[in-house]
file entry.txt (compact mmCIF, C-alpha atoms and all ligand atoms)
# COMPACT_ATOMS: atom_id res chain seq x y z
CA MET K 1 -3.48 -14.14 -13.27
CA ASP K 2 -3.77 -14.44 -17.05
CA LYS K 3 -0.89 -12.72 -18.88
CA ASN K 4 -3.36 -11.28 -21.39
CA LYS K 5 -5.30 -9.33 -18.75
CA ILE K 6 -4.77 -5.99 -17.10
CA LEU K 7 -6.27 -4.97 -13.77
CA VAL K 8 -7.14 -1.38 -12.90
CA ILE K 9 -8.11 0.05 -9.52
CA TYR K 10 -9.10 3.68 -8.95
CA GLY K 11 -8.56 5.66 -5.79
CA LYS K 12 -6.41 8.04 -3.81
CA HIS K 13 -4.97 5.68 -1.22
CA PRO K 14 -2.01 3.88 -2.80
CA MET K 15 -1.29 1.51 0.10
CA GLU K 16 -4.79 0.10 0.19
CA MET K 17 -4.95 0.05 -3.61
CA ALA K 18 -1.72 -1.98 -3.76
CA GLU K 19 -3.14 -4.55 -1.36
CA SER K 20 -6.46 -4.89 -3.22
CA ILE K 21 -4.90 -5.16 -6.67
CA LEU K 22 -2.25 -7.72 -5.60
CA GLU K 23 -4.95 -9.80 -3.98
CA ALA K 24 -7.15 -9.62 -7.09
CA ALA K 25 -4.16 -10.66 -9.21
CA GLY K 26 -3.55 -13.71 -7.01
CA ILE K 27 0.11 -12.84 -6.43
CA GLU K 28 0.40 -15.78 -3.99
CA THR K 29 0.26 -18.12 -6.96
CA MET K 30 3.22 -16.36 -8.64
CA ILE K 31 5.65 -15.95 -5.73
CA ASP K 32 7.46 -18.37 -3.49
CA LYS K 33 8.34 -16.75 -0.16
CA ASP K 34 12.04 -17.67 -0.48
CA MET K 35 12.45 -15.85 -3.79
CA ASN K 36 14.84 -12.94 -4.29
CA ILE K 37 12.26 -10.21 -4.97
CA VAL K 38 13.38 -6.95 -6.57
CA ILE K 39 11.20 -3.84 -6.67
CA LYS K 40 12.16 -1.36 -9.39
CA PRO K 41 10.37 1.99 -8.90
CA ASN K 42 10.89 5.06 -11.10
CA LEU K 43 13.05 7.52 -9.17
CA VAL K 44 14.45 9.23 -12.23
CA VAL K 45 15.01 12.45 -10.29
CA ALA K 46 15.02 13.48 -6.64
CA LYS K 47 11.49 14.88 -6.63
CA PRO K 48 8.47 13.70 -4.62
CA SER K 49 5.74 11.71 -6.38
CA SER K 50 3.39 14.74 -6.23
CA SER K 51 5.58 16.26 -8.99
CA GLY K 52 4.37 13.56 -11.40
CA ALA K 53 7.92 12.21 -11.84
CA THR K 54 8.42 9.40 -9.33
CA THR K 55 6.68 6.32 -7.97
CA SER K 56 4.59 6.91 -4.88
CA PRO K 57 6.42 5.53 -1.80
CA LYS K 58 3.03 4.60 -0.38
CA LEU K 59 2.34 2.35 -3.37
CA VAL K 60 5.72 0.66 -2.93
CA GLU K 61 5.08 0.37 0.80
CA GLY K 62 1.72 -1.29 0.08
CA VAL K 63 3.44 -3.88 -2.12
CA ILE K 64 6.16 -4.56 0.49
CA LYS K 65 3.61 -4.85 3.29
CA TYR K 66 1.66 -7.38 1.26
CA LEU K 67 4.77 -9.41 0.44
CA LYS K 68 5.93 -9.36 4.05
CA ASN K 69 2.52 -10.63 5.17
CA MET K 70 3.02 -13.50 2.74
CA GLY K 71 6.28 -14.32 4.54
CA CYS K 72 8.69 -12.91 1.92
CA GLU K 73 11.88 -11.64 3.56
CA ASN K 74 14.31 -11.34 0.65
CA ILE K 75 13.06 -8.06 -0.85
CA SER K 76 15.13 -5.13 -2.12
CA ILE K 77 14.47 -1.84 -3.92
CA MET K 78 16.78 -1.01 -6.82
CA GLU K 79 17.18 2.11 -8.92
CA SER K 80 19.64 4.29 -10.78
CA SER K 81 18.40 7.87 -11.27
CA TRP K 82 19.08 9.61 -14.55
CA VAL K 83 22.49 10.91 -15.53
CA GLY K 84 23.17 13.99 -13.44
CA ASP K 85 21.07 13.09 -10.39
CA SER K 86 22.06 11.08 -7.34
CA THR K 87 20.04 7.93 -6.61
CA LYS K 88 20.90 8.28 -2.93
CA ARG K 89 19.34 11.75 -2.91
CA ALA K 90 16.30 10.42 -4.80
CA PHE K 91 15.82 7.61 -2.21
CA LYS K 92 15.85 10.27 0.52
CA VAL K 93 13.72 12.96 -1.13
CA CYS K 94 11.16 10.47 -2.47
CA GLY K 95 10.53 8.90 0.94
CA TYR K 96 12.22 5.53 0.36
CA GLU K 97 14.64 5.72 3.30
CA GLU K 98 11.69 5.53 5.71
CA ILE K 99 10.31 2.45 3.94
CA SER K 100 13.74 0.83 3.99
CA GLN K 101 14.11 1.34 7.74
CA LYS K 102 10.54 0.41 8.62
CA TYR K 103 10.48 -2.88 6.68
CA LYS K 104 14.21 -3.71 6.71
CA VAL K 105 14.33 -3.63 2.93
CA PRO K 106 17.71 -2.58 1.45
CA LEU K 107 17.95 0.25 -1.06
CA ILE K 108 20.40 -0.59 -3.84
CA ASP K 109 21.90 2.23 -5.86
CA LEU K 110 22.52 0.65 -9.25
CA LYS K 111 24.95 3.44 -10.19
CA ARG K 112 27.37 1.53 -7.94
CA ASP K 113 26.45 -1.94 -9.14
CA LYS K 114 28.67 -4.31 -11.13
CA THR K 115 27.68 -4.70 -14.76
CA LYS K 116 27.70 -7.33 -17.46
CA ILE K 117 27.69 -7.15 -21.26
CA LEU K 118 24.84 -9.15 -22.76
CA THR K 119 24.42 -9.98 -26.43
CA TYR K 120 21.38 -10.78 -28.54
CA MET K 121 21.59 -11.35 -32.30
CA GLY K 122 24.80 -9.35 -32.45
CA ASP K 123 23.52 -6.38 -30.40
CA GLU K 124 25.25 -5.68 -27.09
CA LEU K 125 23.99 -3.96 -23.95
CA GLU K 126 25.70 -3.30 -20.64
CA VAL K 127 23.33 -4.19 -17.81
CA CYS K 128 23.58 -3.97 -14.00
CA LEU K 129 24.13 -7.34 -12.34
CA SER K 130 21.76 -7.14 -9.34
CA PRO K 131 18.47 -6.94 -11.28
CA LEU K 132 19.61 -9.93 -13.35
CA LYS K 133 19.79 -12.00 -10.17
CA ALA K 134 16.14 -11.37 -9.26
CA ASP K 135 13.86 -14.40 -9.09
CA PHE K 136 10.88 -12.07 -9.31
CA LEU K 137 11.13 -8.47 -10.48
CA ILE K 138 8.24 -6.13 -9.74
CA ASN K 139 8.47 -3.20 -12.15
CA MET K 140 6.73 -0.15 -10.63
CA PRO K 141 6.84 2.69 -13.17
CA VAL K 142 4.92 5.96 -13.27
CA LEU K 143 2.57 6.40 -16.20
CA LYS K 144 3.73 9.68 -17.75
CA ALA K 145 4.52 11.40 -20.99
CA HIS K 146 8.09 11.80 -22.22
CA CYS K 147 9.47 14.56 -24.41
CA GLN K 148 11.47 12.14 -26.62
CA THR K 149 9.81 8.72 -26.53
CA ARG K 150 6.33 10.20 -25.83
CA LEU K 151 5.53 7.54 -23.21
CA THR K 152 7.38 6.26 -20.22
CA CYS K 153 5.88 3.33 -18.37
CA ALA K 154 6.96 -0.30 -17.85
CA LEU K 155 9.38 -0.97 -20.73
CA LYS K 156 11.30 2.27 -20.37
CA ASN K 157 11.46 2.07 -16.58
CA LEU K 158 14.12 -0.64 -16.88
CA LYS K 159 16.50 2.03 -18.15
CA GLY K 160 17.25 2.52 -14.46
CA CYS K 161 18.96 -0.92 -14.54
CA ILE K 162 21.91 0.14 -16.70
CA PRO K 163 25.01 2.21 -15.85
CA ASP K 164 25.14 5.92 -16.71
CA ARG K 165 27.56 5.41 -19.62
CA GLU K 166 25.07 2.98 -21.18
CA LYS K 167 22.20 5.45 -20.62
CA ARG K 168 24.18 8.00 -22.67
CA ARG K 169 24.75 5.41 -25.39
CA PHE K 170 21.00 4.59 -25.42
CA HIS K 171 20.30 8.20 -26.40
CA ALA K 172 22.90 8.03 -29.16
CA LEU K 173 21.20 4.85 -30.44
CA GLY K 174 17.82 6.59 -30.60
CA LEU K 175 16.39 5.02 -27.41
CA HIS K 176 13.66 2.83 -28.93
CA ARG K 177 15.60 -0.28 -30.04
CA PRO K 178 17.82 -0.48 -26.93
CA ILE K 179 14.83 0.01 -24.60
CA ALA K 180 13.10 -2.96 -26.24
CA LEU K 181 16.27 -5.07 -26.15
CA LEU K 182 16.87 -4.28 -22.48
CA ASN K 183 13.51 -5.89 -21.74
CA LYS K 184 14.72 -9.04 -23.50
CA PHE K 185 17.54 -9.30 -20.97
CA ILE K 186 15.63 -8.26 -17.82
CA THR K 187 12.20 -9.78 -17.23
CA SER K 188 9.46 -7.81 -15.49
CA HIS K 189 7.55 -10.64 -13.83
CA LEU K 190 4.90 -8.24 -12.61
CA VAL K 191 4.15 -4.61 -13.46
CA VAL K 192 2.38 -2.38 -10.96
CA VAL K 193 1.96 1.08 -12.48
CA ASP K 194 1.61 4.23 -10.44
CA GLY K 195 -1.07 5.99 -12.46
CA ILE K 196 -2.08 8.14 -9.51
CA MET K 197 -0.09 11.20 -10.47
CA GLY K 198 1.67 11.23 -13.82
CA ASP K 199 3.16 14.00 -15.87
CA LEU K 200 1.64 15.65 -18.91
CA THR K 201 4.82 16.20 -20.88
CA PHE K 202 8.11 15.41 -19.14
CA GLU K 203 9.63 12.43 -17.36
CA GLU K 204 11.16 14.75 -14.77
CA GLY K 205 7.70 15.99 -13.69
CA GLY K 206 6.56 19.56 -13.17
CA THR K 207 3.18 19.38 -14.92
CA PRO K 208 1.43 16.70 -12.83
CA VAL K 209 -1.98 15.37 -13.81
CA GLU K 210 -4.02 13.41 -11.34
CA MET K 211 -5.20 10.11 -12.85
CA ASN K 212 -6.01 8.23 -9.62
CA ARG K 213 -5.40 4.69 -10.79
CA VAL K 214 -3.09 1.76 -10.33
CA ILE K 215 -2.65 -0.64 -13.22
CA LEU K 216 -1.34 -4.19 -12.87
CA GLY K 217 -0.29 -6.68 -15.52
CA ARG K 218 2.18 -9.48 -16.21
CA ASP K 219 3.05 -8.36 -19.73
CA PRO K 220 4.97 -5.04 -19.89
CA VAL K 221 4.22 -4.69 -23.61
CA LEU K 222 0.49 -5.00 -23.02
CA VAL K 223 0.64 -2.65 -20.05
CA ASP K 224 2.51 -0.04 -22.13
CA THR K 225 0.03 -0.42 -25.00
CA TYR K 226 -2.78 0.34 -22.57
CA GLY K 227 -0.80 3.17 -20.96
CA ALA K 228 -0.20 4.71 -24.38
CA GLN K 229 -3.95 4.80 -25.06
CA LEU K 230 -4.57 6.41 -21.68
CA LEU K 231 -2.20 9.24 -22.59
CA GLY K 232 -3.61 9.68 -26.10
CA TYR K 233 -1.11 7.67 -28.14
CA SER K 234 -1.33 4.60 -30.31
CA VAL K 235 1.29 1.83 -30.45
CA GLU K 236 2.62 3.25 -33.73
CA ASP K 237 3.52 6.50 -31.94
CA ILE K 238 5.93 4.67 -29.62
CA PRO K 239 8.27 2.43 -31.67
CA TYR K 240 9.83 0.65 -28.67
CA ILE K 241 6.49 -1.04 -27.93
CA THR K 242 6.42 -2.63 -31.40
CA TYR K 243 10.12 -3.58 -31.19
CA ALA K 244 9.45 -5.27 -27.85
CA ARG K 245 6.55 -7.21 -29.37
CA GLN K 246 8.78 -8.27 -32.27
CA LEU K 247 11.36 -9.53 -29.76
CA GLY K 248 8.68 -11.75 -28.23
CA ILE K 249 8.51 -9.84 -24.94
CA GLY K 250 4.73 -9.48 -25.01
CA ASN K 251 1.72 -8.57 -27.10
CA THR K 252 -0.09 -5.38 -28.05
CA SER K 253 -3.59 -6.72 -28.49
CA ILE K 254 -6.10 -4.96 -26.27
CA LYS K 255 -9.54 -6.50 -26.65
CA ASP K 256 -12.85 -5.52 -25.05
CA ASP K 257 -12.30 -7.94 -22.16
CA THR K 258 -8.55 -7.29 -21.64
CA VAL K 259 -8.94 -4.60 -18.99
CA ILE K 260 -10.70 -5.58 -15.77
CA LYS K 261 -11.71 -2.65 -13.57
CA LEU K 262 -11.97 -3.51 -9.90
CA ASN K 263 -13.93 -0.36 -9.04
CA SER K 264 -14.81 3.06 -10.50
CA ASP K 265 -13.26 6.44 -9.96
CA ARG K 266 -15.37 8.64 -7.76
CA PHE K 267 -13.00 11.49 -7.05
CA THR K 268 -13.27 14.90 -8.58
CA PRO K 269 -10.36 17.00 -9.81
CA GLY K 270 -9.67 20.31 -8.20
CA ASP K 271 -7.84 19.36 -5.03
CA ILE K 272 -4.54 19.57 -6.86
CA LYS K 273 -3.09 22.88 -7.89
CA ALA K 274 -2.94 22.85 -11.70
CA GLY K 275 0.23 24.21 -13.27
CA ARG K 276 0.07 26.89 -15.98
CA LYS K 277 0.03 24.36 -18.81
CA VAL K 278 -2.80 22.31 -17.32
CA ALA K 279 -4.75 25.48 -16.51
CA ARG K 280 -4.37 26.63 -20.14
CA LEU K 281 -5.81 23.33 -21.41
CA ALA K 282 -8.57 23.45 -18.80
CA LYS K 283 -9.90 26.61 -20.48
CA HIS K 284 -11.35 24.30 -23.15
CA ILE K 285 -13.34 22.36 -20.54
CA LEU K 286 -16.60 22.89 -18.70
CA GLU K 287 -16.37 20.51 -15.77
CA ASP K 288 -19.11 19.58 -13.32
CA GLN K 289 -18.26 16.87 -10.76
CA ALA K 290 -15.95 15.02 -13.15
CA CYS K 291 -14.03 12.03 -11.81
CA SER K 292 -10.33 12.78 -11.82
CA ALA K 293 -9.46 9.80 -14.06
CA CYS K 294 -11.92 11.08 -16.67
CA TYR K 295 -10.72 14.66 -16.35
CA GLY K 296 -7.06 13.54 -16.50
CA SER K 297 -7.74 11.63 -19.74
CA LEU K 298 -9.30 14.74 -21.25
CA ILE K 299 -6.33 16.92 -20.20
CA HIS K 300 -3.91 14.42 -21.79
CA GLY K 301 -6.06 14.28 -24.93
CA LEU K 302 -6.10 18.08 -25.27
CA GLN K 303 -2.33 18.23 -24.72
CA ARG K 304 -1.69 15.66 -27.50
CA MET K 305 -4.02 17.66 -29.80
CA ASP K 306 -2.08 20.80 -28.99
CA GLU K 307 1.21 19.04 -29.80
CA ILE K 308 -0.04 18.21 -33.29
CA ASN K 309 -1.65 21.61 -33.84
CA MET K 310 -5.21 20.22 -33.73
CA LEU K 311 -6.44 22.07 -30.69
CA LYS K 312 -7.00 25.27 -32.66
CA ASP K 313 -9.78 23.47 -34.59
CA LEU K 314 -11.74 22.85 -31.42
CA LYS K 315 -14.18 25.75 -31.46
CA GLU K 316 -16.46 24.73 -28.57
CA LYS K 317 -15.87 23.98 -24.93
CA VAL K 318 -15.96 20.32 -23.95
CA HIS K 319 -18.26 19.22 -21.13
CA ILE K 320 -17.35 16.51 -18.66
CA GLY K 321 -18.65 15.24 -15.32
CA GLN K 322 -21.42 13.63 -13.36
CA GLY K 323 -23.24 16.96 -13.06
CA TYR K 324 -24.33 16.54 -16.70
CA LYS K 325 -26.00 13.18 -16.10
CA GLY K 326 -29.51 13.05 -17.58
CA LYS K 327 -29.17 16.46 -19.28
CA THR K 328 -29.91 16.98 -22.97
CA VAL K 329 -27.45 19.52 -24.32
CA ASP K 330 -26.57 20.82 -27.78
CA GLY K 331 -22.81 20.51 -27.42
CA ILE K 332 -19.82 18.22 -26.85
CA GLY K 333 -19.76 15.88 -23.85
CA ILE K 334 -17.07 13.40 -22.82
CA GLY K 335 -17.89 10.19 -20.95
CA SER K 336 -21.04 8.20 -20.29
CA CYS K 337 -22.35 10.89 -17.93
CA CYS K 338 -22.77 13.18 -20.95
CA SER K 339 -24.72 10.66 -23.04
CA GLY K 340 -27.49 13.27 -23.54
CA PHE K 341 -25.16 15.60 -25.47
CA GLU K 342 -25.49 16.08 -29.21
CA HIS K 343 -21.88 14.93 -29.61
CA ASN K 344 -20.91 12.31 -27.02
CA LEU K 345 -18.04 9.93 -26.47
CA LYS K 346 -19.08 7.06 -24.18
CA GLY K 347 -16.74 5.40 -21.70
CA CYS K 348 -16.39 5.56 -17.94
CA PRO K 349 -13.76 6.90 -18.17
CA PRO K 350 -12.84 7.01 -21.88
CA ASN K 351 -9.13 6.99 -22.75
CA ALA K 352 -7.25 9.96 -24.22
CA LYS K 353 -6.70 8.24 -27.59
CA ASP K 354 -10.46 7.80 -28.10
CA ILE K 355 -11.03 11.39 -26.92
CA ILE K 356 -8.63 12.72 -29.58
CA ASP K 357 -10.25 10.67 -32.39
CA PHE K 358 -13.70 11.77 -31.24
CA LEU K 359 -12.87 15.49 -30.96
CA GLN K 360 -11.17 15.36 -34.35
CA GLN K 361 -14.36 13.92 -35.89
CA VAL K 362 -16.50 16.59 -34.23
CA SER K 363 -14.14 19.37 -35.44
CA ASN K 364 -14.20 17.96 -38.98
CA LYS K 365 -18.00 17.85 -38.97
CA GLY K 366 -18.04 21.48 -37.83
CA LYS K 367 -15.69 22.45 -40.69
CA GLU K 368 -17.83 20.58 -43.27
CA LYS K 369 -20.98 22.28 -42.02
CA LYS K 370 -19.35 25.70 -42.30
CA THR K 371 -18.25 24.95 -45.88
CA ASN K 372 -21.77 23.76 -46.85
CA ASP K 373 -23.39 26.82 -45.24
CA ASN K 374 -21.10 29.07 -47.28
S1 LIG G 401 -18.10 9.16 -17.30
FE1 LIG G 401 -18.88 10.17 -15.45
S2 LIG G 401 -18.82 8.63 -13.82
FE2 LIG G 401 -17.56 7.87 -15.54
S3 LIG G 401 -15.49 8.51 -15.06
FE3 LIG G 401 -16.38 10.13 -16.33
S4 LIG G 401 -17.26 11.63 -14.92
FE4 LIG G 401 -16.88 9.73 -13.76

call {"tool": "encode", "arguments": {"input": "entry.txt", "output": "structure tokens"}}
result
Amino acid sequence: MDKNKILVIYGKHPMEMAESILEAAGIETMIDKDMNIVIKPNLVVAKPSSSGATTSPKLVEGVIKYLKNMGCENISIMESSWVGDSTKRAFKVCGYEEISQKYKVPLIDLKRDKTKILTYMGDELEVCLSPLKADFLINMPVLKAHCQTRLTCALKNLKGCIPDREKRRFHALGLHRPIALLNKFITSHLVVVDGIMGDLTFEEGGTPVEMNRVILGRDPVLVDTYGAQLLGYSVEDIPYITYARQLGIGNTSIKDDTVIKLNSDRFTPGDIKAGRKVARLAKHILEDQACSACYGSLIHGLQRMDEINMLKDLKEKVHIGQGYKGKTVDGIGIGSCCSGFEHNLKGCPPNAKDIIDFLQQVSNKGKEKKTNDN
């Protein structure tokens, strides 16, 4: 698979999605069955993936099943939960002990791993030894927002490959530069993102938003650039992405043909209980049979607008969903289904960044009209 491409598959069945996306990526051409393969999920806390915090065990199981069918036997899962939580507990609570037993795949708690000091251009980082020994590292982050770095996806997920004392130092160093540098030392040969259930605001979950997609790429910088757009951010909002590009880890150029969608989302939101925060944002939406990926993008877009005090300028409700197909409406409609609306943002689904820019334009037009009328 071309390093400059990203694959996306929509759905609600992570195991099957893992199989389809790995096959489409041609993983057989990247892996030799005798390789030491390391899977690095995000188990930052001991909470199930439905919380929006951790990687779906079913997605990881799908990847392992595929690799085992290829004849790969040397596979392990490695993680170190955040400072203050036990990785062992996270493996248990998040459903990884079952996978380990079923497929004979060891779980390695990196809090107990040996470490090594690595240096690049005078900067030092202390890194766990086991991930450095991987012949092929499959980085499996969750696409979610983060209260400090705004985004957590592929690049930041490697923070689980350093000891706790180094995690503390990362915070003291402002996170962005060390996160980028860490990716210089540890290579993500493949990134498989759990974009099925991410979190609106926090890496520890609690405000889950259903996005129903899995994203695959070979360049963690490109994957994070795309992930940022999906959550309503640009590259400039997340400095570690630019630092990683400057270190030669990957590129940030998303062109029209970069993202290849293997199918479309055909699931509607509503079968997940929305938390208070999501419910508050949903008051700005009139939804009729919206696909969950589309609806999730809109929720993320509204949240980002709220964070920068822009949401108060949105005076009308925003329509979204297949129920508006073919209708001509004097209002705001998100997605190609609402192409008959006076104000429409195309895309199927559009990303949160485009939604924010579009709603800002519509709000500005509304303000101008009011001024002219006065
Ligand atoms: S534009 Fe319509 S069909 Fe496309 S993702 Fe949105 S709701 Fe679904």

call {"tool": "residues_around", "arguments": {"input": "entry.txt", "residues": "range 189-200 of chain K", "least_positions_apart": "6", "cutoff": "8 Å", "atoms": "only C-alpha atoms", "output": "mmCIF file with C-alpha atoms, in the coordinates of the input"}}
result
data_model
loop_
_atom_site.group_PDB
_atom_site.id
_atom_site.type_symbol
_atom_site.label_atom_id
_atom_site.label_comp_id
_atom_site.auth_asym_id
_atom_site.auth_seq_id
_atom_site.Cartn_x
_atom_site.Cartn_y
_atom_site.Cartn_z
ATOM 1 C CA GLY K 11 -8.560 5.660 -5.790
ATOM 2 C CA LYS K 12 -6.410 8.040 -3.810
ATOM 3 C CA PRO K 14 -2.010 3.880 -2.800
ATOM 4 C CA SER K 49 5.740 11.710 -6.380
ATOM 5 C CA SER K 50 3.390 14.740 -6.230
ATOM 6 C CA SER K 51 5.580 16.260 -8.990
ATOM 7 C CA GLY K 52 4.370 13.560 -11.400
ATOM 8 C CA ALA K 53 7.920 12.210 -11.840
ATOM 9 C CA THR K 55 6.680 6.320 -7.970
ATOM 10 C CA SER K 56 4.590 6.910 -4.880
ATOM 11 C CA LEU K 59 2.340 2.350 -3.370
ATOM 12 C CA PHE K 136 10.880 -12.070 -9.310
ATOM 13 C CA LEU K 137 11.130 -8.470 -10.480
ATOM 14 C CA ILE K 138 8.240 -6.130 -9.740
ATOM 15 C CA ASN K 139 8.470 -3.200 -12.150
ATOM 16 C CA MET K 140 6.730 -0.150 -10.630
ATOM 17 C CA PRO K 141 6.840 2.690 -13.170
ATOM 18 C CA VAL K 142 4.920 5.960 -13.270
ATOM 19 C CA LEU K 143 2.570 6.400 -16.200
ATOM 20 C CA LYS K 144 3.730 9.680 -17.750
ATOM 21 C CA ALA K 145 4.520 11.400 -20.990
ATOM 22 C CA CYS K 153 5.880 3.330 -18.370
ATOM 23 C CA ALA K 154 6.960 -0.300 -17.850
ATOM 24 C CA GLY K 206 6.560 19.560 -13.170
ATOM 25 C CA THR K 207 3.180 19.380 -14.920
ATOM 26 C CA PRO K 208 1.430 16.700 -12.830
ATOM 27 C CA VAL K 209 -1.980 15.370 -13.810
ATOM 28 C CA GLU K 210 -4.020 13.410 -11.340
ATOM 29 C CA MET K 211 -5.200 10.110 -12.850
ATOM 30 C CA ASN K 212 -6.010 8.230 -9.620
ATOM 31 C CA ARG K 213 -5.400 4.690 -10.790
ATOM 32 C CA VAL K 214 -3.090 1.760 -10.330
ATOM 33 C CA ILE K 215 -2.650 -0.640 -13.220
ATOM 34 C CA LEU K 216 -1.340 -4.190 -12.870
ATOM 35 C CA GLY K 217 -0.290 -6.680 -15.520
ATOM 36 C CA ARG K 218 2.180 -9.480 -16.210
ATOM 37 C CA ASP K 219 3.050 -8.360 -19.730
ATOM 38 C CA PRO K 220 4.970 -5.040 -19.890
ATOM 39 C CA VAL K 223 0.640 -2.650 -20.050
ATOM 40 C CA HIS K 300 -3.910 14.420 -21.790
ATOM 41 C CA GLN K 303 -2.330 18.230 -24.720
#

call {"tool": "residues_near_ligand", "arguments": {"input": "entry.txt", "ligand": "ligand LIG 401 (chain G)", "cutoff": "8 Å", "atoms": "only C-alpha atoms and all ligand atoms", "output": "list in words"}}
result
Ser264, Asp265, Arg266, Phe267, Gln289, Ala290, Cys291, Ser292, Ala293, Cys294, Tyr295, Ile320, Gly321, Gln322, Lys325, Ile334, Gly335, Ser336, Cys337, Cys338, Lys346, Gly347, Cys348, Pro349 and Pro350 of chain K

call {"tool": "residues_around", "arguments": {"input": "entry.txt", "residues": "Leu222 in chain K", "least_positions_apart": "6", "cutoff": "12 Å", "atoms": "all atoms listed in the file", "output": "number ranges by chain"}}
result
K: 2-7, 153-155, 190-191, 215-216, 228-229, 235, 241-242, 244-245, 248-255, 258-259

call {"tool": "closest_residue", "arguments": {"input": "entry.txt", "among": "K:His319, K:His171, K:Arg304, K:His176", "to": "Lys156 in chain K", "atoms": "all atoms listed in the file"}}
result
K:His176

call {"tool": "residues_around", "arguments": {"input": "entry.txt", "residues": "range 110-115 of chain K", "least_positions_apart": "6", "cutoff": "6 Å", "atoms": "only C-alpha atoms", "output": "MDAnalysis selection string"}}
result
chainID K and resid 79:80 127:129 163

call {"tool": "write_last_selection", "arguments": {"input": "entry.txt", "atoms": "C-alpha atoms", "output": "short mmCIF file (atom, residue, chain, number, x, y, z; two decimals), keeping the file's coordinate frame"}}
result
data_model
loop_
_atom_site.label_atom_id
_atom_site.label_comp_id
_atom_site.auth_asym_id
_atom_site.auth_seq_id
_atom_site.Cartn_x
_atom_site.Cartn_y
_atom_site.Cartn_z
CA GLU K 79 17.18 2.11 -8.92
CA SER K 80 19.64 4.29 -10.78
CA VAL K 127 23.33 -4.19 -17.81
CA CYS K 128 23.58 -3.97 -14.00
CA LEU K 129 24.13 -7.34 -12.34
CA PRO K 163 25.01 2.21 -15.85
#

call {"tool": "atom_distance", "arguments": {"input": "entry.txt", "atom1": "CA of Pro239 in chain K", "atom2": "CA of Arg177 in chain K"}}
result
8.0 Å

call {"tool": "residues_around", "arguments": {"input": "entry.txt", "residues": "Ser297 in chain K", "least_positions_apart": "4", "cutoff": "7 Å", "atoms": "all atoms listed in the file", "output": "mmCIF file with C-alpha atoms, in the frame of the given file"}}
result
data_model
loop_
_atom_site.group_PDB
_atom_site.id
_atom_site.type_symbol
_atom_site.label_atom_id
_atom_site.label_comp_id
_atom_site.auth_asym_id
_atom_site.auth_seq_id
_atom_site.Cartn_x
_atom_site.Cartn_y
_atom_site.Cartn_z
ATOM 1 C CA LEU K 230 -4.570 6.410 -21.680
ATOM 2 C CA LEU K 231 -2.200 9.240 -22.590
ATOM 3 C CA ALA K 293 -9.460 9.800 -14.060
ATOM 4 C CA GLY K 301 -6.060 14.280 -24.930
ATOM 5 C CA ASN K 351 -9.130 6.990 -22.750
ATOM 6 C CA ALA K 352 -7.250 9.960 -24.220
#

call {"tool": "closest_residue", "arguments": {"input": "entry.txt", "among": "K:Val329, K:Val38, K:Ile77, K:Ile356", "to": "Met310 in chain K", "atoms": "all atoms listed in the file"}}
result
K:Ile356

call {"tool": "atom_distance", "arguments": {"input": "entry.txt", "atom1": "CA of Trp82 in chain K", "atom2": "CA of Thr54 in chain K"}}
result
11.9 Å

call {"tool": "atom_distance", "arguments": {"input": "entry.txt", "atom1": "CA of Asp164 in chain K", "atom2": "CA of Ser130 in chain K"}}
result
15.4 Å
